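Novice: Got a structure for you, written out below as structure tokens; questions coming shortly.
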Amino acid sequence: MTQYKPNGIITLLTDFGCRDPFVGVMKGVILTRFRDAVIVDLTHSIDAQDIAQGSFWLEKSFGWFPQGTVHVAVVDPAVGTARAAVVATAGGHCFVGPDNGLLAPAVDTAGAGEVHEIDVERLGLPRPCDTFHGRDVFAPVGALLAGGHTQPSSVGPPRAGLIASPLPRVQRTPTGVLGSVVAIDHFGNLVTNLDENLLKTGRAVDVCIMGKSLPLRRTFMDAERGEWLALVGSFGTIELAVREGHAASVLGVRPGTPVELIMGRSASSMPPP
Amino acid sequence: MTQYKPNGIITLLTDFGCRDPFVGVMKGVILTRFRDAVIVDLTHSIDAQDIAQGSFWLEKSFGWFPQGTVHVAVVDPAVGTARAAVVATAGGHCFVGPDNGLLAPAVDTAGAGEVHEIDVERLGLPRPCDTFHGRDVFAPVGALLAGGHTQPSSVGPPRAGLIASPLPRVQRTPTGVLGSVVAIDHFGNLVTNLDENLLKTGRAVDVCIMGKSLPLRRTFMDAERGEWLALVGSFGTIELAVREGHAASVLGVRPGTPVELIMGRSASSMPPP
Amino acid sequence: MTQYKPNGIITLLTDFGCRDPFVGVMKGVILTRFRDAVIVDLTHSIDAQDIAQGSFWLEKSFGWFPQGTVHVAVVDPAVGTARAAVVATAGGHCFVGPDNGLLAPAVDTAGAGEVHEIDVERLGLPRPCDTFHGRDVFAPVGALLAGGHTQPSSVGPPRAGLIASPLPRVQRTPTGVLGSVVAIDHFGNLVTNLDENLLKTGRAVDVCIMGKSLPLRRTFMDAERGEWLALVGSFGTIELAVREGHAASVLGVRPGTPVELIMGRSASSMPPP
């Protein structure tokens with residue numbers, strides 16, 4: 001098991017947007033407690049309260065940072081209630097956020113980990129307000145961890161594990177595999193939770209959404225302008241797109257829409273012509 | 001009076017948005033003059049030319065940064081005219097921007113302060129262009145101050161004080177207290193200038209907007225999905241919201257809309273049933 | 001010719017938007033290879049695949065950063081095809097991106113330069129995915145250069161030059177000079193490629209767009225509220241605007257719309273009244 005040793009980098013992933021000074025104020029709190037923090041915005045545009053989407057992007061993103069990074073993630077519809085605030089370490093990374101499913105996929109991917117519940121009193125933090133634990137709990141704890149002022153195991157009592165993500169699991173169907181759209185990216189492409197490994201069976205596939213069947217291509221340039229296509233996106237899952245168009249607006253798709261991978265016969269078992 | 005001693009941190013608050021490289025270029029100017037600056041975006045999404053809103057968020061935000069921080073704020077509809085460019089120090093913080101009301105609330109909150117007018121010639125800065133003093137005046141002065149290359153008192157002649165914010169003041173009414181919506185946050189919640197201290201009278205209150213009367217709750221979870229509520233926001237003022245909805249679009253509210261706190265009888269003076 | 005010596009600063013200009021963690025992940029890749037990088041976002045809101053617009057803003061922005069800065073620019077519709085990935089040095093700056101016209105105007109302005117094609121194998125980089133060279137090629141190469149781990153001339157074989165920008169060139173007409181709208185800024189102002197030097201002829205001018213003729217003013221305050229005006233923008237080109245309005249929505253203008261500068265007689269050659 002890789003040990004966590006802080007490297008001073010803190011990433012932030014939230015659904016706070018960039019309109020208000022919420023994120024700026026979190027950075028002020030971090031710098032107040034750890035002047036030399038290197039703070040990186042992963043994204044603040046997770047759809048409001050969409051824990052599944054947040055957990056998806058956190059899992060896809062954290063591994064591009066060096067070990068020793070602290071990842072502070074806040075998509076927290078139950079802020080101010082009894083849901084736990086936690087710190088998890090796994091694979092040399094450290095994750096800080098509410099225990100509502102947001103952290104689980106990343107921690108699972110990172111490897112066997114330890115989880116502790118944050119006890120703000122034990123850490124000597126001021127009493128948090130009821131609506132903004134990003135500022136009052138997660139930012140200061142992230143700073144204490146990244147600065148090496150506190151160990152992950154010292155933030156509070158250990159917990160057995162994390163609550164699972166609400167991200168729907170991919171399911172086998174008689175004809176293939178059923179997943180769903182998780183996020184709409186900046187270009188309007190539909191990002192799914194269908195892993196590229198599902199394509200490694202050697203079988204031909206069609207990708208179906210809302211009654212539409214799409215061919216699988218290698219790059220956008222392999223489709224005509226305005227043509228629909230499916231391709232393996234840069235984070236290793238299948239994406240649906242319109243070349244030089246905005247797929248989500250055309251189809252009116254939202255996160256949660258089902259996407260099916262229809263598996264044909266394997267190339268090797270094809271009958272002779 | 002707390003002395004200002006630079007800590008190398010510079011915050012930026014503007015109405016420039018993030019679409020164009022305006023803010024990026026300001027950072028280039030800062031780093032050219034002070035390579036080790038730590039630059040934090042507070043927000044660049046103040047509504048265009050809304051000095052009141054900018055002054056509100058600056059006042060709510062600066063205190064979350066350590067003393068010694070330089071806060072550069074630019075909402076500047078009169079750029080290129082005779083309005084003064086100023087540096088104010090108060091409570092160990094330093095504020096840089098146009099003297100149009102933007103800085104006054106923060107400086108008032110920070111404590112007794114000193115104000116100096118920026119004299120670009122005295123500082124040896126190139127002649128500023130007529131439309132972008134964020135880049136040509138405020139960024140370089142912020143860098144000189146944060147880097148300790150210039151003292152606040154050396155930027156130009158002293159001034160008696162700052163122009164007051166156009167933010168409307170809260171007023172007593174026969175039935176309670178009248179304030180207004182100052183900002184719409186990322187979630188569509190209506191942020192008002194009604195301070196939480198107004199609730200400490202022990203009296204029951206209703207919060208009224210556009211003929212609608214809202215109950216006061218502690219957290220969002222205390223309302224039903226889709227229900228209207230008022231609550232104390234994370235910056236200590238009353239906010240109006242729809243749980244898991246976008247309040248501003250539902251009511252068509254804009255900054256400036258009146259909000260009244262209707263004060264009932266005090267709980268202790270309630271007549272016996 | 002000014003030598004390029006890295007100062008540790010890296011700017012990013014892309015059309016990736018800020019919705020997804022694309023940019024955050026690029027920063028993770030940079031910090032993994034060069035922990036002390038100072039990373040500045042120029043903009044990530046270049047219109048999708050608008051190479052001309054990206055090349056315009058890069059040229060207007062890079063000079064506000066100190067020499068020794070690495071500018072990573074990614075507007076890359078042909079990602080995954082045979083288009084070259086390049087590093088160019090000029091005027092003490094270093095530019096990294098696809099060779100599709102994006103870098104050419106900045107490099108031309110910076111001065112005589114050298115261009116090398118990036119050979120990912122020679123640099124020992126993992127095989128890039130087909131859709132996100134920002135993360136897999138340009139970010140790591142930018143980090144290697146900014147950290148001084150690789151010289152620009154060592155990234156791969158030299159090239160004769162760069163592909164020219166698709167930005168339309170300004171043309172002489174019988175009545176004046178014809179340019180176009182390049183970008184819509186955050187305020188809705190129309191930014192053109194008509195350089196302010198075109199105004200230095202001493203002749204009176206009108207600025208025409210979509211049959212509308214606009215007067216040239218010095219600042220926004222020189223127009224009435226709601227009035228149309230043309231003025232020299234803060235990056236030295238002519239901009240069209242409505243005072244306290246959103247010009248682009250009013251006229252329905254998009255990048256590419258023609259704008260003509262109608263030159264009157266020179267003031268000195270004016271006939272006596």
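Each chain in the structure tokens gets a letter, A, B and so on, in the order shown; residues start at 1 in every chain, and ligands are counted from 1 in the order they appear.
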Quick one: pick out all strand (DSSP E) residues within stretch 1-201 of chain B from a backbone DSSP run and write them as a PyMOL selection string.
Specialist: chain B and resi 9-14+38-43+70-74+85-90+93-98+113-117+158-159+171-172+176-184+190-195
Novice: Could you write out that same residue set with N, CA and C atoms as a short mmCIF file (atom, residue, chain, number, x, y, z; two decimals), in the first residue's frame?
Specialist:
data_model
loop_
_atom_site.label_atom_id
_atom_site.label_comp_id
_atom_site.auth_asym_id
_atom_site.auth_seq_id
_atom_site.Cartn_x
_atom_site.Cartn_y
_atom_site.Cartn_z
N ILE B 9 0.15 37.62 -1.30
CA ILE B 9 -1.11 37.14 -1.90
C ILE B 9 -1.87 38.33 -2.49
N ILE B 10 -2.42 38.14 -3.68
CA ILE B 10 -3.24 39.15 -4.36
C ILE B 10 -4.56 38.51 -4.76
N THR B 11 -5.68 39.10 -4.34
CA THR B 11 -6.97 38.62 -4.83
C THR B 11 -7.45 39.54 -5.95
N LEU B 12 -8.26 38.97 -6.84
CA LEU B 12 -8.83 39.74 -7.95
C LEU B 12 -10.35 39.61 -7.93
N LEU B 13 -11.05 40.72 -7.99
CA LEU B 13 -12.51 40.74 -8.12
C LEU B 13 -12.85 41.73 -9.23
N THR B 14 -13.51 41.25 -10.28
CA THR B 14 -13.84 42.12 -11.41
C THR B 14 -15.19 41.73 -12.01
N VAL B 38 1.16 35.18 -5.31
CA VAL B 38 0.14 34.12 -5.26
C VAL B 38 -1.18 34.81 -5.59
N ILE B 39 -1.74 34.50 -6.75
CA ILE B 39 -2.91 35.22 -7.24
C ILE B 39 -4.15 34.36 -7.09
N VAL B 40 -5.19 34.91 -6.47
CA VAL B 40 -6.44 34.16 -6.26
C VAL B 40 -7.60 34.92 -6.89
N ASP B 41 -8.39 34.24 -7.72
CA ASP B 41 -9.59 34.85 -8.27
C ASP B 41 -10.71 34.79 -7.24
N LEU B 42 -11.21 35.95 -6.81
CA LEU B 42 -12.40 35.96 -5.95
C LEU B 42 -13.62 35.70 -6.81
N THR B 43 -13.83 36.55 -7.79
CA THR B 43 -14.82 36.30 -8.83
C THR B 43 -14.57 37.30 -9.94
N VAL B 70 -3.28 41.75 -0.59
CA VAL B 70 -3.68 42.88 -1.43
C VAL B 70 -4.92 42.47 -2.23
N HIS B 71 -5.99 43.23 -2.14
CA HIS B 71 -7.23 42.94 -2.85
C HIS B 71 -7.40 43.94 -3.98
N VAL B 72 -7.28 43.47 -5.21
CA VAL B 72 -7.45 44.32 -6.39
C VAL B 72 -8.87 44.12 -6.91
N ALA B 73 -9.66 45.19 -6.92
CA ALA B 73 -11.06 45.09 -7.33
C ALA B 73 -11.31 46.09 -8.45
N VAL B 74 -11.94 45.60 -9.54
CA VAL B 74 -12.16 46.48 -10.69
C VAL B 74 -13.56 46.28 -11.25
N ALA B 85 -8.14 56.68 -8.88
CA ALA B 85 -7.69 55.32 -8.60
C ALA B 85 -7.00 55.38 -7.24
N VAL B 86 -7.34 54.46 -6.34
CA VAL B 86 -6.88 54.59 -4.96
C VAL B 86 -6.31 53.29 -4.39
N VAL B 87 -5.55 53.47 -3.32
CA VAL B 87 -5.08 52.38 -2.47
C VAL B 87 -5.54 52.70 -1.05
N ALA B 88 -6.20 51.75 -0.41
CA ALA B 88 -6.63 51.95 0.98
C ALA B 88 -6.08 50.82 1.82
N THR B 89 -5.59 51.13 3.00
CA THR B 89 -5.18 50.08 3.94
C THR B 89 -6.07 50.15 5.16
N ALA B 90 -6.44 48.99 5.67
CA ALA B 90 -7.29 48.93 6.87
C ALA B 90 -7.24 47.52 7.42
N HIS B 93 -5.15 44.72 5.86
CA HIS B 93 -5.38 44.40 4.45
C HIS B 93 -5.12 45.64 3.59
N CYS B 94 -4.91 45.42 2.30
CA CYS B 94 -4.68 46.52 1.38
C CYS B 94 -5.65 46.37 0.21
N PHE B 95 -6.31 47.45 -0.17
CA PHE B 95 -7.33 47.43 -1.21
C PHE B 95 -6.93 48.37 -2.33
N VAL B 96 -7.07 47.90 -3.58
CA VAL B 96 -6.67 48.69 -4.74
C VAL B 96 -7.81 48.70 -5.74
N GLY B 97 -8.21 49.88 -6.20
CA GLY B 97 -9.29 49.94 -7.19
C GLY B 97 -9.73 51.36 -7.46
N PRO B 98 -10.78 51.51 -8.26
CA PRO B 98 -11.33 52.84 -8.51
C PRO B 98 -12.09 53.33 -7.28
N GLY B 113 -8.73 53.26 8.42
CA GLY B 113 -7.74 53.06 7.37
C GLY B 113 -7.20 54.35 6.80
N GLU B 114 -6.25 54.18 5.91
CA GLU B 114 -5.67 55.32 5.21
C GLU B 114 -5.91 55.15 3.73
N VAL B 115 -6.16 56.26 3.03
CA VAL B 115 -6.42 56.21 1.59
C VAL B 115 -5.42 57.10 0.87
N HIS B 116 -4.86 56.60 -0.23
CA HIS B 116 -3.99 57.40 -1.08
C HIS B 116 -4.44 57.27 -2.53
N GLU B 117 -4.32 58.37 -3.26
CA GLU B 117 -4.65 58.33 -4.68
C GLU B 117 -3.44 57.86 -5.48
N PRO B 158 -2.36 61.64 -0.15
CA PRO B 158 -3.42 61.11 0.70
C PRO B 158 -4.77 61.71 0.34
N ARG B 159 -5.83 60.99 0.65
CA ARG B 159 -7.20 61.47 0.45
C ARG B 159 -7.94 61.32 1.77
N GLN B 171 -33.48 49.79 5.62
CA GLN B 171 -34.29 50.83 6.27
C GLN B 171 -35.36 50.23 7.18
N ARG B 172 -35.59 50.91 8.31
CA ARG B 172 -36.71 50.54 9.18
C ARG B 172 -38.02 50.91 8.48
N GLY B 176 -41.30 46.45 9.94
CA GLY B 176 -40.08 45.65 10.04
C GLY B 176 -38.88 46.34 9.44
N VAL B 177 -38.19 45.66 8.54
CA VAL B 177 -36.96 46.18 7.96
C VAL B 177 -36.96 45.89 6.47
N LEU B 178 -36.58 46.90 5.67
CA LEU B 178 -36.60 46.75 4.22
C LEU B 178 -35.18 46.72 3.66
N GLY B 179 -34.86 45.66 2.95
CA GLY B 179 -33.57 45.56 2.27
C GLY B 179 -33.80 45.22 0.82
N SER B 180 -32.80 44.61 0.18
CA SER B 180 -32.99 44.26 -1.23
C SER B 180 -32.10 43.08 -1.62
N VAL B 181 -32.44 42.49 -2.76
CA VAL B 181 -31.60 41.45 -3.35
C VAL B 181 -30.34 42.12 -3.90
N VAL B 182 -29.20 41.58 -3.55
CA VAL B 182 -27.93 42.15 -4.02
C VAL B 182 -27.34 41.30 -5.14
N ALA B 183 -27.52 40.01 -5.03
CA ALA B 183 -26.91 39.12 -6.02
C ALA B 183 -27.72 37.85 -6.16
N ILE B 184 -27.64 37.26 -7.33
CA ILE B 184 -28.20 35.93 -7.58
C ILE B 184 -27.02 34.98 -7.57
N LEU B 190 -31.37 33.94 -3.91
CA LEU B 190 -31.36 35.40 -3.87
C LEU B 190 -30.63 35.85 -2.61
N VAL B 191 -29.48 36.45 -2.79
CA VAL B 191 -28.68 36.92 -1.66
C VAL B 191 -29.10 38.34 -1.34
N THR B 192 -29.46 38.62 -0.08
CA THR B 192 -29.91 39.96 0.30
C THR B 192 -28.88 40.65 1.18
N ASN B 193 -29.12 41.93 1.41
CA ASN B 193 -28.27 42.70 2.34
C ASN B 193 -28.88 42.75 3.75
N LEU B 194 -29.81 41.86 4.06
CA LEU B 194 -30.42 41.83 5.40
C LEU B 194 -29.55 40.96 6.31
N ASP B 195 -28.91 41.61 7.27
CA ASP B 195 -27.94 40.93 8.13
C ASP B 195 -28.63 39.99 9.11
#
Novice: Write out as a Markdown table a residue-level contact list of chain C versus chain B with cut-off 10 Å: for each qualifying residue the closest pair of atoms and the distance in Å to one decimal, counting only C-alpha atoms, rows sorted by chain and residue number upward.
Specialist:
| residue | atom | partner | partner_atom | distance |
| --- | --- | --- | --- | --- |
| C:Asn7 | CA | B:Arg35 | CA | 8.8 |
| C:Gly8 | CA | B:Arg35 | CA | 9.5 |
| C:Ile9 | CA | B:Leu31 | CA | 8.7 |
| C:Thr11 | CA | B:Gly24 | CA | 8.3 |
| C:Leu12 | CA | B:Gly24 | CA | 9.2 |
| C:Leu13 | CA | B:Pro21 | CA | 8.6 |
| C:Gly17 | CA | B:Arg19 | CA | 9.0 |
| C:Cys18 | CA | B:Cys18 | CA | 9.2 |
| C:Val38 | CA | B:Asp36 | CA | 8.8 |
| C:Val40 | CA | B:Gly24 | CA | 6.5 |
| C:Asp41 | CA | B:Gly24 | CA | 5.8 |
| C:Leu42 | CA | B:Gly24 | CA | 4.3 |
| C:Thr43 | CA | B:Pro21 | CA | 5.2 |
| C:His44 | CA | B:Arg19 | CA | 7.3 |
| C:Ser45 | CA | B:Arg19 | CA | 5.1 |
| C:Ile46 | CA | B:Arg19 | CA | 7.4 |
| C:Asp47 | CA | B:Arg19 | CA | 9.3 |
| C:Trp57 | CA | B:Pro21 | CA | 7.1 |
| C:Leu58 | CA | B:Pro21 | CA | 8.6 |
| C:Lys60 | CA | B:Pro21 | CA | 8.9 |
| C:Ser61 | CA | B:Val25 | CA | 6.1 |
| C:Phe62 | CA | B:Val25 | CA | 8.0 |
| C:Gly63 | CA | B:Gly28 | CA | 8.6 |
| C:Trp64 | CA | B:Gly28 | CA | 5.3 |
| C:Phe65 | CA | B:Gly28 | CA | 4.4 |
| C:Pro66 | CA | B:Thr32 | CA | 5.2 |
| C:Gln67 | CA | B:Thr32 | CA | 8.8 |
| C:Thr69 | CA | B:Gly28 | CA | 9.6 |
| C:Ala183 | CA | B:Asp20 | CA | 8.8 |
| C:Ile184 | CA | B:Asp20 | CA | 8.6 |
| C:Asp185 | CA | B:Asp20 | CA | 6.0 |
| C:His186 | CA | B:Arg19 | CA | 5.8 |
| C:Phe187 | CA | B:Ala48 | CA | 7.2 |
| C:Arg218 | CA | B:Asp130 | CA | 7.4 |
| C:Thr219 | CA | B:Asp130 | CA | 6.4 |
| C:Phe220 | CA | B:Ala78 | CA | 8.1 |
| C:Met221 | CA | B:Ala78 | CA | 6.7 |
| C:Asp222 | CA | B:Thr81 | CA | 9.5 |
| C:Leu231 | CA | B:Thr131 | CA | 9.4 |
| C:Val232 | CA | B:Thr131 | CA | 8.5 |
| C:Gly233 | CA | B:Thr131 | CA | 6.8 |
| C:Ser234 | CA | B:Phe132 | CA | 5.8 |
| C:Phe235 | CA | B:Phe132 | CA | 9.1 |
| C:Gly236 | CA | B:Cys129 | CA | 9.3 |
| C:Arg243 | CA | B:Pro77 | CA | 9.8 |
| C:Glu244 | CA | B:Gln49 | CA | 8.2 |
| C:Gly245 | CA | B:Ala48 | CA | 9.6 |
Novice: Point out the residue among C:Arg83, C:Arg203, C:Arg169, C:Arg122 with the least atom-to-atom distance to C:Pro105, counting only C-alpha atoms.
Specialist: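 Ranked by minimum distance to C:Pro105, first place goes to C:Arg169.
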Novice: How many Å separate atom CA of C:Val250 from atom CA of B:Gly134?
Specialist: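 Between atom CA of C:Val250 and atom CA of B:Gly134 the gap works out to 26.9 Å.
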Novice: Which distance in Å separates atom CA of B:Ser213 and atom CA of B:Val242, to one decimal?
Specialist: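 If I compute the distance from atom CA of B:Ser213 to atom CA of B:Val242, I get 12.8 Å.
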Novice: DSSP says helix (DSSP H, G or I) for which residues of stretch 52-85 of chain A? Put them as a list in words?
Specialist: Ala52, Gln53, Gly54, Ser55, Phe56, Trp57, Leu58, Glu59, Lys60, Ser61, Phe62, Gly63 and Trp64 of chain A
Novice: Atom CA of A:Ala106 and atom CA of A:Lys5, how far apart in Å?
Specialist: 17.9 Å
Novice: Using only C-alpha atoms, which residue out of C:Arg127, C:Asn197, C:Ile163, C:Gln151 lies closest to C:Gly101?
Specialist: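 Checking each of C:Arg127, C:Asn197, C:Ile163, C:Gln151 against C:Gly101, counting only C-alpha atoms, the winner is C:Ile163.
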Novice: For A:Val207, work out the shell of residues within 7 Å, counting only C-alpha atoms and skipping chain neighbours fewer than 5 positions away, then give it as a list in words.
Specialist: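 Residues near the query, excluding close chain neighbours: Ser213, Leu214, Pro215, Ala230, Glu260, Leu261 and Ile262 of chain A.
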Novice: Can you pull out every residue within 8 Å of B:Ile209, counting only C-alpha atoms, but drop anything in the same chain fewer than 5 positions away, and send it as a list in words?
Specialist: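 The filter keeps Thr257, Pro258, Val259 and Glu260 of chain B.
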Novice: Now that the selection is made, can you save its residues with all heavy atoms as a PDB file, in the first residue's frame?
Specialist:
ATOM      1  N   THR B 257     -34.298  44.134  -6.327  1.00  0.00           N
ATOM      2  CA  THR B 257     -35.672  43.836  -5.908  1.00  0.00           C
ATOM      3  C   THR B 257     -35.793  43.958  -4.379  1.00  0.00           C
ATOM      4  O   THR B 257     -34.966  43.411  -3.652  1.00  0.00           O
ATOM      5  CB  THR B 257     -36.061  42.405  -6.338  1.00  0.00           C
ATOM      6  OG1 THR B 257     -35.896  42.286  -7.748  1.00  0.00           O
ATOM      7  CG2 THR B 257     -37.501  42.072  -5.956  1.00  0.00           C
ATOM      8  N   PRO B 258     -36.818  44.689  -3.885  1.00  0.00           N
ATOM      9  CA  PRO B 258     -36.968  44.854  -2.425  1.00  0.00           C
ATOM     10  C   PRO B 258     -37.329  43.555  -1.712  1.00  0.00           C
ATOM     11  O   PRO B 258     -38.054  42.722  -2.253  1.00  0.00           O
ATOM     12  CB  PRO B 258     -38.132  45.851  -2.299  1.00  0.00           C
ATOM     13  CG  PRO B 258     -38.282  46.480  -3.642  1.00  0.00           C
ATOM     14  CD  PRO B 258     -37.822  45.450  -4.632  1.00  0.00           C
ATOM     15  N   VAL B 259     -36.826  43.402  -0.511  1.00  0.00           N
ATOM     16  CA  VAL B 259     -37.137  42.263   0.362  1.00  0.00           C
ATOM     17  C   VAL B 259     -37.434  42.834   1.739  1.00  0.00           C
ATOM     18  O   VAL B 259     -36.650  43.623   2.265  1.00  0.00           O
ATOM     19  CB  VAL B 259     -35.942  41.286   0.474  1.00  0.00           C
ATOM     20  CG1 VAL B 259     -36.286  40.128   1.402  1.00  0.00           C
ATOM     21  CG2 VAL B 259     -35.537  40.770  -0.894  1.00  0.00           C
ATOM     22  N   GLU B 260     -38.572  42.461   2.330  1.00  0.00           N
ATOM     23  CA  GLU B 260     -38.898  42.994   3.655  1.00  0.00           C
ATOM     24  C   GLU B 260     -38.923  41.883   4.699  1.00  0.00           C
ATOM     25  O   GLU B 260     -39.424  40.784   4.451  1.00  0.00           O
ATOM     26  CB  GLU B 260     -40.254  43.718   3.639  1.00  0.00           C
ATOM     27  CG  GLU B 260     -40.483  44.454   4.958  1.00  0.00           C
ATOM     28  CD  GLU B 260     -41.700  45.376   4.945  1.00  0.00           C
ATOM     29  OE1 GLU B 260     -42.454  45.351   3.956  1.00  0.00           O
ATOM     30  OE2 GLU B 260     -41.874  46.111   5.941  1.00  0.00           O
TER      31      GLU B 260
END
